[in-house]
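Okay, structure first, notes after.
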Amino acid sequence: MVTNNRKIYIKTFGCQMNEYDSNRMYDSVSKLGFVKTADQSNADCYILNTCHIRDKAKEKVYHEIGRVKKLYRNKKKPIMVVAGCVAQAENEEMVRREPYIDIVLGPQSYHKVNDLLKNHIVNLKQEETEFDTISKFGYFDQIKNNDNKISVFLTIQEGCDKFCNFCVVPYTRGPEYSRPFNKIISEAEQLIENGAKEITLLGQNVNAYSYTENSKEFRISNLINHLDQFSELERVRYTTSHPRDMTDDLIDCYSSSHKLMPFVHLPIQSGSNKILELMNRKHTVDDYLKIYERLKKINKEIEFSSDFIIGYPGETQKDFENTFDLIKKIKFINSFSFIFNPRPGTKASKLEMIDKNLAKERLSLIQKKLFNNQKEKNKSLENCMIDVLVENKMEKQNKLFGRNKYISPVIFDGNESNIGKIVKVKVQSSNQNSLFGILDKKMKAA
């Protein structure tokens, strides 16, 4: 057995789902007596929860392990666990290449973390990367989610059946799986009891959520409408969605739900139909614009953000201009953009890359436009009253931190008693990333 009060440090890379997974792994290992520490140089177990989406993901993991080695050069070595999507993709090779690694744990095997840790203590190197999503969620459904933040994540769906030609998710997270409706609601109730005021529903294709029980199909719209009934909950969000799964019932939620935020993160990846077809995205620019127009008709205050891959193999100047024109038309805020980077095992990895310098030039132009959109949006809120959900007090300054309905950070003076509440803040200034203001109860919030 594991001795009580061993310290565990979990470092999380990448997406919100990894953050959720890290919290759930801690909920599990705490039953073995492990206690979370913020001191990464003084841990009995060190977990790297990895992400395979970003550039040079694998090498970043080895670099991080090298850094851990230096931290523990004159100390007892921690149990070194590499978890997440890089672990799934590389599995046995990681153990062979880096002897410092003790356990390799894929994202569908987190329910086995306790057994792996107990076995390691009897001196066993292990690799566990089977796709076992149902067992994983069944295991964690029995363990209380102890996350007590004001804004929390809740995974409702994992995996992907879309097989975009550039993406590794189907190979690292497996096929689409939707959790039972009642289990999600039960976990949401736990989180609300813990103090959550905002829940973000998570999935690789979150709006593909579909669970059938007793001949009744539950969709993400059913989850949103059910969460609307919890009086203690203030806000609901979801990410990441796919244009193909923006169904009528989900779109209708933007008029029926009182808690669903008017902010839609809907990755399009390119403004060129030719590139979308090469990517195997299964939607067109026209499909996307129809969704945009329908949502704007429901509520003109709705804002969009997106993901863009620049320099995809075959991208011409015209394709790039189409993407740029789409960004001008929709005025995306809070968006992400990257130069195409091939992922081993994907179809796109075998295609001929376009000139790297040209891709960098195009990315620079795209990012300048996206950043200007964000700055203009934030500037338009100056001297306005906005609703802010206060999440915490900032560590190094006597300020409160919260977010507006568009998920933009808001920093302002205030009392800690405001944490967990929606307050009215008058925006005094802004930059590309944040809004700055003061509490003002005299004016009506916009």
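The way I read the labels, and the way they are meant: chains A, B, ... in the order of the structure tokens, residue 1 as the first residue of every chain, and ligand 1 as the first ligand shown, with later ones counted on from there.
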So that I can check the surroundings of range 242-244 of chain A, please list as number ranges by chain every protein, DNA and RNA residue that reaches within 12 Å of it, counting only C-alpha atoms and ignoring chain neighbours fewer than 6 positions away.
A: 160-162, 164, 203-209, 250-251, 264-269, 276, 280-292, 306-307
Which range 272-303 of chain A residues have any atom within 12 Å of an atom of range 349-373 of chain A, and for each, what is the nearest pair of atoms with distance in Å to one decimal, counting only C-alpha atoms, rows sorted by chain and number, as JSON lines?
{"residue": "A:Leu278", "atom": "CA", "partner": "A:Leu351", "partner_atom": "CA", "distance": 10.4}
{"residue": "A:Met279", "atom": "CA", "partner": "A:Leu351", "partner_atom": "CA", "distance": 11.2}
{"residue": "A:Glu303", "atom": "CA", "partner": "A:Asn373", "partner_atom": "CA", "distance": 11.2}
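Across the structure, CA of Gly33 in chain A and CA of Arg67 in chain A are spaced 26.3 Å apart.
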List as a ChimeraX atom specification the protein and nucleic acid residues near range 384-395 of chain A, meaning an atom at most 7 Å away when only C-alpha atoms are counted, but skip any in the same chain fewer than 5 places from it.
/A:150-151,400-404,416,418-427,443-446
Option closest in space to Asn145 in chain A, from A:Gly106, A:Pro99, A:Gly195, A:Pro180 [counting only C-alpha atoms]
A:Gly195
Near Ala348 in chain A, within 8 Å and counting only C-alpha atoms, which residues show up once chain neighbours fewer than 6 positions away are dropped, as a PDB file with C-alpha atoms, in the first residue's frame?
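That gives us out_26.pdb:
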ATOM      1  CA  ASN A 165      -6.700  14.794 -42.099  1.00  0.00           C
ATOM      2  CA  PHE A 166      -4.489  16.946 -39.853  1.00  0.00           C
ATOM      3  CA  MET A 279      -8.714  18.808 -44.541  1.00  0.00           C
ATOM      4  CA  PRO A 313      -0.623  21.836 -47.827  1.00  0.00           C
ATOM      5  CA  PRO A 342       2.211  17.684 -39.521  1.00  0.00           C
TER       6      PRO A 342
END
Return as number ranges by chain the full set of residues in range 331-441 of chain A whose backbone-based DSSP assignment is helix (DSSP H, G or I).
A: 347-350, 356-380, 416-418
Go ahead and save the residues from that selection, with C-alpha atoms, as a PDB file, in the first residue's frame.
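Done, and the output landed in out-v2.pdb:
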ATOM      1  CA  LYS A 347      -2.982  11.773 -43.749  1.00  0.00           C
ATOM      2  CA  ALA A 348      -1.788  15.360 -43.905  1.00  0.00           C
ATOM      3  CA  SER A 349       1.642  14.375 -42.590  1.00  0.00           C
ATOM      4  CA  LYS A 350       2.386  12.823 -45.984  1.00  0.00           C
ATOM      5  CA  LYS A 356       7.682  27.959 -44.337  1.00  0.00           C
ATOM      6  CA  ASN A 357       8.513  31.658 -44.665  1.00  0.00           C
ATOM      7  CA  LEU A 358       5.383  32.243 -46.723  1.00  0.00           C
ATOM      8  CA  ALA A 359       3.315  30.444 -44.090  1.00  0.00           C
ATOM      9  CA  LYS A 360       4.857  32.659 -41.380  1.00  0.00           C
ATOM     10  CA  GLU A 361       4.004  35.804 -43.361  1.00  0.00           C
ATOM     11  CA  ARG A 362       0.416  34.675 -43.766  1.00  0.00           C
ATOM     12  CA  LEU A 363       0.105  33.762 -40.089  1.00  0.00           C
ATOM     13  CA  SER A 364       1.432  37.186 -39.122  1.00  0.00           C
ATOM     14  CA  LEU A 365      -1.246  38.910 -41.216  1.00  0.00           C
ATOM     15  CA  ILE A 366      -4.001  36.647 -39.831  1.00  0.00           C
ATOM     16  CA  GLN A 367      -2.927  37.163 -36.233  1.00  0.00           C
ATOM     17  CA  LYS A 368      -2.656  40.921 -36.671  1.00  0.00           C
ATOM     18  CA  LYS A 369      -6.267  40.990 -37.874  1.00  0.00           C
ATOM     19  CA  LEU A 370      -7.498  38.640 -35.130  1.00  0.00           C
ATOM     20  CA  PHE A 371      -5.660  40.602 -32.433  1.00  0.00           C
ATOM     21  CA  ASN A 372      -7.079  43.877 -33.786  1.00  0.00           C
ATOM     22  CA  ASN A 373     -10.574  42.359 -33.618  1.00  0.00           C
ATOM     23  CA  GLN A 374      -9.993  41.535 -29.979  1.00  0.00           C
ATOM     24  CA  LYS A 375      -8.592  44.970 -29.185  1.00  0.00           C
ATOM     25  CA  GLU A 376     -11.500  46.685 -30.941  1.00  0.00           C
ATOM     26  CA  LYS A 377     -14.041  44.558 -29.076  1.00  0.00           C
ATOM     27  CA  ASN A 378     -12.406  45.335 -25.751  1.00  0.00           C
ATOM     28  CA  LYS A 379     -12.117  49.023 -26.648  1.00  0.00           C
ATOM     29  CA  SER A 380     -15.848  49.139 -27.438  1.00  0.00           C
ATOM     30  CA  GLU A 416     -12.960  39.139  -1.561  1.00  0.00           C
ATOM     31  CA  SER A 417     -16.590  38.837  -0.473  1.00  0.00           C
ATOM     32  CA  ASN A 418     -17.432  39.365  -4.161  1.00  0.00           C
TER      33      ASN A 418
END
I'd like the contact shell of Gly84 in chain A - 10 Å cut-off, only C-alpha atoms, skipping same-chain residues fewer than 6 positions apart - returned as a list in words.
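My list of contacting residues is Thr12, Phe13, Gly14, Asn18, Asp21, Ser22, Ile47, Leu48, Asn49, Thr50, Cys51, His52, Val104, Leu105, Gly106, Pro107, Gln108, Ser109, Tyr110, Thr129, Thr172 and Arg173 of chain A.
Going from CA of Asp39 in chain A over to CA of Glu64 in chain A, you cover 15.4 Å.
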So that I can check the secondary structure, give me every residue of range 12-259 of chain A assigned strand (DSSP E or B) by backbone DSSP, as a PyMOL selection string.
chain A and resi 12+34-36+45-50+79-84+103-105+126-128+151-155+157-158+177-178+198-202+210-213+216-219+235-239
Writing out the chosen residues with C-alpha atoms as an mmCIF file, in the first residue's frame:
data_model
loop_
_atom_site.group_PDB
_atom_site.id
_atom_site.type_symbol
_atom_site.label_atom_id
_atom_site.label_comp_id
_atom_site.auth_asym_id
_atom_site.auth_seq_id
_atom_site.Cartn_x
_atom_site.Cartn_y
_atom_site.Cartn_z
ATOM 1 C CA THR A 12 -0.927 19.943 -17.092
ATOM 2 C CA PHE A 34 -1.310 11.312 -1.969
ATOM 3 C CA VAL A 35 -1.542 15.030 -1.174
ATOM 4 C CA LYS A 36 -1.294 17.682 -3.868
ATOM 5 C CA CYS A 45 5.113 11.397 -7.596
ATOM 6 C CA TYR A 46 5.408 13.707 -10.597
ATOM 7 C CA ILE A 47 2.761 13.488 -13.338
ATOM 8 C CA LEU A 48 3.054 15.177 -16.723
ATOM 9 C CA ASN A 49 -0.393 15.311 -18.319
ATOM 10 C CA THR A 50 0.547 15.917 -21.939
ATOM 11 C CA ILE A 79 7.625 8.222 -9.441
ATOM 12 C CA MET A 80 7.635 9.688 -12.963
ATOM 13 C CA VAL A 81 4.315 9.378 -14.798
ATOM 14 C CA VAL A 82 3.725 10.566 -18.352
ATOM 15 C CA ALA A 83 -0.013 10.747 -18.999
ATOM 16 C CA GLY A 84 -2.227 12.164 -21.729
ATOM 17 C CA ILE A 103 4.547 4.811 -15.885
ATOM 18 C CA VAL A 104 3.028 5.715 -19.250
ATOM 19 C CA LEU A 105 -0.706 6.314 -18.958
ATOM 20 C CA GLN A 126 4.293 -0.094 -16.690
ATOM 21 C CA GLU A 127 2.522 1.142 -19.796
ATOM 22 C CA GLU A 128 -1.266 1.387 -19.971
ATOM 23 C CA SER A 151 -15.575 28.244 -12.904
ATOM 24 C CA VAL A 152 -15.171 24.516 -13.563
ATOM 25 C CA PHE A 153 -14.928 22.052 -16.435
ATOM 26 C CA LEU A 154 -17.128 18.997 -16.868
ATOM 27 C CA THR A 155 -16.360 16.396 -19.533
ATOM 28 C CA GLN A 157 -17.967 13.483 -24.356
ATOM 29 C CA GLU A 158 -14.599 12.180 -25.489
ATOM 30 C CA TYR A 177 -18.154 8.317 -26.540
ATOM 31 C CA SER A 178 -20.914 10.168 -24.698
ATOM 32 C CA GLU A 198 -20.042 28.477 -14.051
ATOM 33 C CA ILE A 199 -19.780 25.088 -15.772
ATOM 34 C CA THR A 200 -18.087 24.567 -19.117
ATOM 35 C CA LEU A 201 -19.151 21.322 -20.797
ATOM 36 C CA LEU A 202 -16.173 19.661 -22.489
ATOM 37 C CA SER A 210 -25.624 11.849 -27.877
ATOM 38 C CA TYR A 211 -26.748 9.388 -25.232
ATOM 39 C CA THR A 212 -29.788 7.128 -25.590
ATOM 40 C CA GLU A 213 -31.614 5.548 -22.659
ATOM 41 C CA LYS A 216 -34.922 8.612 -25.489
ATOM 42 C CA GLU A 217 -31.972 10.457 -26.983
ATOM 43 C CA PHE A 218 -30.270 13.100 -24.881
ATOM 44 C CA ARG A 219 -28.311 15.818 -26.670
ATOM 45 C CA ARG A 235 -23.386 30.502 -16.375
ATOM 46 C CA VAL A 236 -23.042 27.621 -18.833
ATOM 47 C CA ARG A 237 -20.538 27.272 -21.689
ATOM 48 C CA TYR A 238 -19.342 24.437 -23.918
ATOM 49 C CA THR A 239 -16.242 23.672 -25.992
#
Which one of A:Glu187, A:Glu382, A:Asp27, A:Asp147 sits closest to His111 in chain A if you count only C-alpha atoms?
A:Asp27
CA of Cys85 in chain A and CA of Ala188 in chain A are how many Å apart?
25.4 Å
Pick the closest to Gly345 in chain A from A:Cys167, A:Val95, A:Leu260, A:Leu191: which is it, counting only C-alpha atoms?
A:Cys167
